[in-house]
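Structure data (compact mmCIF, C-alpha atoms) from coords.txt:
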```
# COMPACT_ATOMS: atom_id res chain seq x y z
CA MET A 981 -32.00 -32.93 20.29
CA TYR A 982 -29.98 -34.48 23.10
CA ASP A 983 -26.40 -33.89 24.14
CA GLY A 984 -24.36 -37.01 23.50
CA LYS A 985 -22.31 -38.29 26.44
CA HIS A 986 -19.94 -40.38 24.33
CA GLU A 987 -16.44 -39.27 23.41
CA PRO A 988 -16.54 -37.63 19.94
CA MET A 989 -14.49 -39.30 17.21
CA ILE A 990 -13.11 -35.92 16.04
CA PRO A 991 -13.14 -32.45 17.64
CA LYS A 992 -16.04 -30.18 16.74
CA LYS A 993 -13.71 -27.51 15.26
CA LEU A 994 -12.11 -30.08 12.94
CA PHE A 995 -15.53 -31.30 11.82
CA GLU A 996 -16.66 -27.75 11.01
CA ALA A 997 -13.41 -27.04 9.15
CA CYS A 998 -13.89 -30.15 7.02
CA GLN A 999 -17.48 -29.16 6.24
CA LYS A 1000 -16.27 -25.74 5.07
CA VAL A 1001 -13.64 -27.27 2.78
CA MET A 1002 -16.20 -29.65 1.27
CA ALA A 1003 -18.65 -26.80 0.73
CA ASP A 1004 -16.00 -24.67 -0.98
CA ARG A 1005 -15.04 -27.53 -3.29
CA SER A 1006 -18.65 -28.07 -4.31
CA ARG A 1007 -19.05 -24.49 -5.53
CA PRO A 1008 -18.59 -23.84 -9.24
CA LYS A 1009 -15.21 -22.34 -10.01
CA LYS A 1010 -15.16 -18.79 -11.28
CA PRO A 1011 -13.01 -18.02 -14.28
CA SER A 1012 -9.66 -16.63 -13.23
CA GLN A 1013 -9.54 -12.83 -13.20
CA LYS A 1014 -6.58 -10.60 -13.77
CA GLU A 1015 -5.23 -9.20 -10.52
CA TYR A 1016 -4.52 -5.52 -10.11
CA PRO A 1017 -2.52 -4.91 -6.90
CA TYR A 1018 -3.68 -1.31 -6.40
CA ARG A 1019 -7.32 -1.72 -7.35
CA ASN A 1020 -9.79 -0.26 -4.81
CA MET A 1021 -6.90 0.80 -2.59
CA LEU A 1022 -7.04 4.51 -3.42
CA VAL A 1023 -9.69 7.17 -3.82
CA CYS A 1024 -9.67 10.09 -6.22
CA GLY A 1025 -8.40 13.25 -4.57
CA GLU A 1026 -10.67 15.39 -6.75
CA CYS A 1027 -14.10 13.77 -6.55
CA GLY A 1028 -13.67 11.04 -3.91
CA CYS A 1029 -14.55 8.11 -6.15
CA THR A 1030 -12.74 4.78 -6.06
CA ILE A 1031 -9.71 4.25 -8.25
CA THR A 1032 -10.31 1.33 -10.59
CA SER A 1033 -8.06 -0.43 -13.11
CA GLU A 1034 -7.94 -1.79 -16.62
CA THR A 1035 -5.47 -3.14 -19.16
CA GLN A 1036 -4.73 -1.39 -22.43
CA LYS A 1037 -2.12 -2.52 -24.98
CA GLY A 1038 -0.43 -4.79 -22.48
CA HIS A 1039 -0.12 -2.20 -19.71
CA ASN A 1040 -2.14 -1.84 -16.52
CA TYR A 1041 -3.70 1.56 -15.91
CA TYR A 1042 -5.53 3.06 -12.94
CA ARG A 1043 -8.17 5.76 -13.11
CA CYS A 1044 -11.02 7.38 -11.26
CA THR A 1045 -14.39 5.69 -11.81
CA LYS A 1046 -15.98 9.18 -12.08
CA LYS A 1047 -19.26 7.81 -10.75
CA ARG A 1048 -20.00 10.97 -8.76
CA ASP A 1049 -18.64 13.54 -11.14
CA LYS A 1050 -18.29 12.81 -14.84
CA LYS A 1051 -16.30 16.03 -15.21
CA CYS A 1052 -13.51 14.84 -12.88
CA SER A 1053 -10.27 15.91 -14.57
CA GLN A 1054 -8.00 13.20 -13.18
CA LYS A 1055 -6.06 11.25 -15.81
CA TYR A 1056 -4.94 7.63 -16.13
CA ILE A 1057 -1.75 6.50 -14.40
CA ARG A 1058 0.31 3.48 -15.42
CA GLU A 1059 0.89 0.80 -12.84
CA GLU A 1060 4.67 1.26 -12.99
CA VAL A 1061 4.33 4.95 -12.16
CA LEU A 1062 1.85 4.22 -9.38
CA ALA A 1063 4.27 1.65 -7.94
CA GLU A 1064 6.95 4.36 -7.77
CA GLU A 1065 4.53 6.64 -5.94
CA VAL A 1066 3.76 3.89 -3.41
CA ALA A 1067 7.48 3.32 -2.94
CA ASN A 1068 7.98 7.05 -2.32
CA GLU A 1069 5.37 6.96 0.45
CA LEU A 1070 7.06 3.95 2.04
CA GLN A 1071 10.40 5.74 1.94
CA LYS A 1072 8.89 8.47 4.12
CA VAL A 1073 8.48 6.03 7.03
CA SER A 1074 11.60 3.99 6.41
CA LEU A 1075 14.81 3.70 8.42
CA SER A 1076 18.19 2.75 7.07
CA SER A 1077 19.96 -0.30 8.48
CA ALA A 1078 22.42 1.99 10.27
CA TRP A 1079 19.60 3.90 11.95
CA ALA A 1080 17.73 0.74 12.95
CA GLU A 1081 20.86 -0.90 14.34
CA TRP A 1082 21.77 2.17 16.40
CA MET A 1083 18.24 2.58 17.79
CA LEU A 1084 17.93 -1.10 18.69
CA THR A 1085 21.27 -0.92 20.48
CA GLU A 1086 20.06 2.07 22.49
CA LEU A 1087 16.81 0.28 23.32
CA ASN A 1088 18.69 -2.78 24.53
CA LYS A 1089 20.77 -0.57 26.82
CA GLU A 1090 17.67 1.10 28.19
CA GLU A 1091 15.97 -2.25 28.64
CA ALA A 1092 18.88 -3.50 30.76
CA GLU A 1093 18.86 -0.33 32.87
CA ALA A 1094 15.09 -0.44 33.26
CA ALA A 1095 15.19 -4.09 34.29
CA GLN A 1096 17.72 -3.32 37.01
CA SER A 1097 15.91 -0.28 38.39
CA GLY A 1098 12.56 -2.06 38.04
CA ALA A 1099 13.80 -4.99 40.11
CA VAL A 1100 14.85 -2.60 42.87
CA PHE A 1101 11.51 -0.78 42.75
CA ALA A 1102 9.52 -4.05 42.86
CA GLN A 1103 11.59 -5.35 45.77
CA ASN A 1104 11.06 -2.13 47.72
CA LEU A 1105 7.31 -2.49 47.30
CA LYS A 1106 7.43 -6.09 48.49
CA ASP A 1107 9.53 -5.11 51.51
CA LYS A 1108 7.06 -2.37 52.46
CA ILE A 1109 4.10 -4.74 52.11
CA LYS A 1110 5.86 -7.31 54.28
CA GLU A 1111 6.61 -4.62 56.86
CA LEU A 1112 2.93 -3.66 56.99
CA GLU A 1113 1.96 -7.29 57.44
CA GLY A 1114 4.33 -7.40 60.42
CA LYS A 1115 2.69 -4.31 61.88
CA LEU A 1116 -0.71 -5.97 61.54
CA ASP A 1117 0.55 -8.96 63.53
CA LEU A 1118 1.96 -6.72 66.27
CA LEU A 1119 -1.25 -4.70 66.35
CA LEU A 1120 -3.31 -7.87 66.78
CA ASP A 1121 -1.04 -9.04 69.63
CA ALA A 1122 -1.43 -5.68 71.35
CA HIS A 1123 -5.21 -5.92 71.06
CA LEU A 1124 -5.31 -9.49 72.37
CA ASP A 1125 -3.06 -8.50 75.27
CA GLY A 1126 -5.42 -5.68 76.11
CA THR A 1127 -2.77 -3.04 75.50
CA ILE A 1128 -5.06 -1.13 73.14
CA SER A 1129 -8.84 -0.90 72.96
CA ARG A 1130 -10.93 -2.49 70.27
CA GLU A 1131 -11.75 0.93 68.77
CA GLU A 1132 -8.07 1.90 68.61
CA TYR A 1133 -7.19 -1.49 67.12
CA THR A 1134 -9.89 -1.18 64.46
CA ALA A 1135 -8.83 2.33 63.44
CA LYS A 1136 -5.12 1.47 63.17
CA LYS A 1137 -5.84 -1.80 61.40
CA GLU A 1138 -7.96 -0.02 58.77
CA LYS A 1139 -5.19 2.51 58.17
CA ILE A 1140 -2.55 -0.19 57.68
CA ILE A 1141 -4.80 -2.27 55.43
CA ASN A 1142 -5.52 0.77 53.21
CA GLU A 1143 -1.81 1.51 52.94
CA LYS A 1144 -1.08 -2.12 52.11
CA SER A 1145 -3.82 -2.12 49.46
CA GLU A 1146 -2.32 0.96 47.78
CA LEU A 1147 1.12 -0.62 47.68
CA SER A 1148 -0.33 -3.84 46.25
CA GLU A 1149 -2.04 -1.87 43.48
CA LYS A 1150 1.23 -0.10 42.68
CA SER A 1151 2.94 -3.47 42.47
CA LYS A 1152 0.27 -4.85 40.12
CA ASP A 1153 0.39 -1.72 37.94
CA PHE A 1154 4.14 -2.02 37.68
CA GLU A 1155 3.88 -5.69 36.66
CA ARG A 1156 1.20 -4.87 34.08
CA ASN A 1157 2.86 -1.82 32.57
CA GLY A 1158 6.49 -1.92 33.60
CA ASN A 1159 8.64 -1.51 30.50
CA HIS A 1160 6.30 -3.26 28.11
CA TRP A 1161 6.69 -0.34 25.69
CA LEU A 1162 10.19 -1.57 24.84
CA GLU A 1163 9.09 -4.56 22.76
CA PRO A 1164 6.56 -2.57 20.66
CA ALA A 1165 9.28 0.04 20.14
CA LYS A 1166 11.65 -2.62 18.82
CA GLN A 1167 8.98 -4.02 16.51
CA PHE A 1168 8.27 -0.52 15.23
CA ILE A 1169 11.94 0.05 14.37
CA LEU A 1170 12.16 -3.31 12.58
CA ALA A 1171 8.99 -2.49 10.64
CA ALA A 1172 10.46 0.88 9.59
CA GLN A 1173 13.56 -0.95 8.40
CA GLN A 1174 11.32 -3.36 6.49
CA ALA A 1175 9.62 -0.38 4.81
CA LYS A 1176 13.01 0.58 3.37
CA ILE A 1177 13.48 -2.91 1.94
CA ILE A 1178 9.98 -3.14 0.46
CA ALA A 1179 10.29 0.33 -1.09
CA LEU A 1180 13.34 -0.84 -3.02
CA GLN A 1181 11.76 -4.10 -4.19
CA GLU A 1182 9.65 -4.55 -7.29
CA ASN A 1183 6.82 -6.20 -5.39
CA PRO A 1184 3.51 -4.31 -5.85
CA VAL A 1185 1.57 -6.57 -3.47
CA ALA A 1186 4.06 -6.12 -0.61
CA GLY A 1187 4.11 -2.37 -1.22
CA ARG A 1188 0.33 -2.19 -1.26
CA ASP A 1189 -0.05 -4.18 1.96
CA PHE A 1190 2.55 -2.11 3.80
CA LEU A 1191 0.95 1.14 2.63
CA LYS A 1192 -2.37 -0.05 4.06
CA ARG A 1193 -0.59 -0.93 7.28
CA ILE A 1194 0.92 2.51 7.85
CA GLY A 1195 -1.83 4.82 6.70
CA SER A 1196 -5.46 5.46 5.89
CA ASN A 1197 -7.30 7.93 3.65
CA ARG A 1198 -5.11 6.91 0.71
CA VAL A 1199 -5.59 9.43 -2.10
CA LEU A 1200 -4.49 9.68 -5.73
CA LEU A 1201 -4.41 13.23 -7.05
CA SER A 1202 -2.58 14.54 -10.12
CA GLN A 1203 -0.86 11.14 -10.38
CA LYS A 1204 0.56 11.54 -6.86
CA VAL A 1205 -0.21 9.28 -3.89
CA ALA A 1206 -0.77 10.74 -0.43
CA ILE A 1207 -1.79 9.04 2.79
CA GLU A 1208 -2.78 9.99 6.31
CA PRO A 1209 -0.16 8.16 8.40
CA LYS A 1210 -1.32 6.33 11.49
CA LYS A 1211 -0.31 7.85 14.80
CA SER A 1212 2.77 5.71 15.36
CA TRP A 1213 4.11 6.47 11.87
CA GLN A 1214 3.58 10.23 11.89
CA ILE A 1215 6.97 10.90 13.49
CA LEU A 1216 8.90 9.31 10.63
CA TYR A 1217 6.48 10.47 7.92
CA ASN A 1218 6.90 14.14 8.84
CA LEU A 1219 10.67 13.88 9.26
CA PRO A 1220 12.93 15.28 6.51
CA ALA A 1221 14.53 12.53 4.43
CA GLU A 1222 18.05 13.68 5.31
CA ALA A 1223 17.29 13.22 9.01
CA ARG A 1224 16.59 9.52 8.39
CA SER A 1225 19.75 8.88 6.43
CA ALA A 1226 22.68 6.89 7.78
CA GLU A 1227 24.82 10.05 7.87
CA ALA A 1228 22.37 11.82 10.19
CA ILE A 1229 22.87 9.54 13.19
CA ASN A 1230 25.65 11.64 14.72
CA SER A 1231 24.49 14.97 13.29
CA GLN A 1232 22.26 17.70 14.62
CA HIS A 1233 19.26 15.94 13.06
CA THR A 1234 19.54 12.99 15.46
CA ILE A 1235 16.17 11.86 16.85
CA TRP A 1236 15.29 9.24 19.38
CA LEU A 1237 11.92 7.54 19.38
CA ARG A 1238 11.29 7.08 23.07
CA GLY A 1239 8.67 4.43 23.59
CA ARG A 1240 7.19 6.19 26.61
CA GLY A 1241 6.29 9.29 24.64
CA SER A 1242 5.22 7.98 21.28
CA ASN A 1243 4.34 4.42 22.28
CA PRO A 1244 4.81 3.14 18.73
CA GLN A 1245 2.67 0.15 17.71
CA PRO A 1246 3.76 -1.70 14.48
CA THR A 1247 0.28 -3.40 13.89
CA GLY A 1248 -1.45 -2.36 11.74
```

Once you've parsed the file, please lay out its structure as structure tokens.
Amino acid sequence: MYDGKHEPMIPKKLFEACQKVMADRSRPKKPSQKEYPYRNMLVCGECGCTITSETQKGHNYYRCTKKRDKKCSQKYIREEVLAEEVANELQKVSLSSAWAEWMLTELNKEEAEAAQSGAVFAQNLKDKIKELEGKLDLLLDAHLDGTISREEYTAKKEKIINEKSELSEKSKDFERNGNHWLEPAKQFILAAQQAKIIALQENPVAGRDFLKRIGSNRVLLSQKVAIEPKKSWQILYNLPAEARSAEAINSQHTIWLRGRGSNPQPTG
């Protein structure tokens, strides 16, 4: 094989994408299957088997497969009841609109303050670096004039260069880190507000996807759903419901999710 030198008619990525589409179209179509939104999302809290699903008399049910333990005592649960359980878990990490609005306002204030103080800090570093560069120039002049010996010049130059290098690293660290936690914190608050909305909707797929986003080790036991919340969601998950209500903003239950401490990440 030889590499062609001519200009390709279409990009390689487009060609490969077209080949994939053509290959998919050539495959025989499978008969449509009924979709169960919570299938394979949970495990049995008693025996650890996967929770499967089936339809009986027009209703969707979920149950343990009992592949490991035929004596598992867990019963069937209707999809409507399971949806309520999922919604209850989402409520545990949700924020009311009042909470979200207040917290975003506070974050915007802090962002403005941080930007101002950060600008001062960055300018101070630049001024110090410029001052050291001036000292290097004066030191070189002194050496060329014969005012100081080569050994003295080398020692002082090394000291100034090391100091300048440390300041440059501080400046780079500040640019890299700075207040970058503010944007993830805002996204986390908006996601918590979204959890409230999804919990109140009759949308099993949205509820399922958000539950996967916020937690792992999703268990169904005695017709109750429990999850292990991811690190960024643990604060809200373990908080009493009344502390997340709109009335709690100005009460003794007031909390403030500082990005520096918790570093919330809404990815999931």

Atom CA of Glu1034 of chain A and atom CA of Gly1195 of chain A, how far apart in Å?
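For atom CA of Gly1195 of chain A relative to atom CA of Glu1034 of chain A, the distance reads 25.0 Å.
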
Taking into account all atoms listed in the file, which residue in the set A:Ala1067, A:Ala1095, A:Leu1124, A:Ile1194 is nearest to Ala1179 of chain A?
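The shortest atom-to-atom distance to Ala1179 of chain A comes from A:Ala1067.
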
For the contact check between segment 1132-1217 of chain A and segment 1058-1064 of chain A, emit one row per residue of segment 1132-1217 of chain A within 10 Å, containing the shortest atom pair and the distance in Å rounded to one decimal, counting all atoms listed in the file, chain then rising number order, as JSON lines.
```
{"residue": "A:Ala1179", "atom": "CA", "partner": "A:Glu1064", "partner_atom": "CA", "distance": 8.5}
{"residue": "A:Leu1180", "atom": "CA", "partner": "A:Glu1064", "partner_atom": "CA", "distance": 9.5}
{"residue": "A:Glu1182", "atom": "CA", "partner": "A:Ala1063", "partner_atom": "CA", "distance": 8.2}
{"residue": "A:Asn1183", "atom": "CA", "partner": "A:Ala1063", "partner_atom": "CA", "distance": 8.6}
{"residue": "A:Pro1184", "atom": "CA", "partner": "A:Ala1063", "partner_atom": "CA", "distance": 6.4}
{"residue": "A:Val1185", "atom": "CA", "partner": "A:Ala1063", "partner_atom": "CA", "distance": 9.7}
{"residue": "A:Gly1187", "atom": "CA", "partner": "A:Ala1063", "partner_atom": "CA", "distance": 7.8}
{"residue": "A:Arg1188", "atom": "CA", "partner": "A:Ala1063", "partner_atom": "CA", "distance": 8.7}
{"residue": "A:Leu1200", "atom": "CA", "partner": "A:Leu1062", "partner_atom": "CA", "distance": 9.1}
{"residue": "A:Gln1203", "atom": "CA", "partner": "A:Leu1062", "partner_atom": "CA", "distance": 7.5}
{"residue": "A:Lys1204", "atom": "CA", "partner": "A:Leu1062", "partner_atom": "CA", "distance": 7.8}
{"residue": "A:Val1205", "atom": "CA", "partner": "A:Leu1062", "partner_atom": "CA", "distance": 7.7}
```

Of the candidates A:Ser1053, A:Asp1117, A:Glu1026, A:Arg1019, which one gets nearest to Asn1040 of chain A if we count all atoms listed in the file?
A:Arg1019

What does the distance between atom CA of Leu1070 of chain A and atom CA of Ala1175 of chain A come to in Å, to one decimal place?
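Computed distance, atom CA of Leu1070 of chain A to atom CA of Ala1175 of chain A, equals 5.7 Å.
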
Considering all atoms listed in the file, state which residue in the set A:Leu1147, A:Ala1172, A:Ala1080, A:Leu994 is at the smallest distance from Lys1106 of chain A.
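Nearest to Lys1106 of chain A: A:Leu1147.
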
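The coordinates place atom CA of Ala1094 of chain A at 25.2 Å from atom CA of Leu1075 of chain A.
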
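Here the question is which of A:Val1199, A:Asp1121, A:Lys1144, A:Leu1162 gets nearest to Glu1090 of chain A using only C-alpha atoms, and that residue is A:Leu1162.
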
Spatial neighbours of Thr1030 of chain A, 10 Å, all atoms listed in the file, chain gap at least 2 places, as a list in words
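Counting only the stated atoms, we get Arg1019, Asn1020, Met1021, Leu1022, Val1023, Cys1024, Gly1025, Cys1027, Gly1028, Thr1032, Ser1033, Arg1043, Cys1044, Thr1045, Lys1046, Lys1047, Arg1048, Val1199 and Leu1200 of chain A.
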
List the spatial neighbours of Lys1072 of chain A as an NGL selection string - criterion: any atom at most 8 Å away, only C-alpha atoms, same-chain residues fewer than 4 positions off excluded.
:A and (1068 or 1216-1219 or 1221)

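Of the listed residues A:Lys1050, A:Lys1110, A:Lys1176, A:Lys1115, the one whose atoms come nearest to Trp1079 of chain A is A:Lys1176, with distances taken using only C-alpha atoms.
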
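Minimum distance to Leu1191 of chain A across A:Tyr1133, A:Phe1101, A:Tyr1018, A:Phe995 (counting only C-alpha atoms) occurs at A:Tyr1018.
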
When you look at Glu1113 of chain A with a cut-off of 12 Å (counting all atoms listed in the file), what residues show up, excluding the ones that are within fewer than 2 positions of it in the same chain? I need them as a list in words.
Lys1106, Asp1107, Lys1108, Ile1109, Lys1110, Glu1111, Lys1115, Leu1116, Asp1117, Leu1118, Leu1119, Leu1120, Lys1137, Ile1140, Ile1141, Asn1142, Glu1143, Lys1144, Ser1145, Leu1147 and Ser1148 of chain A
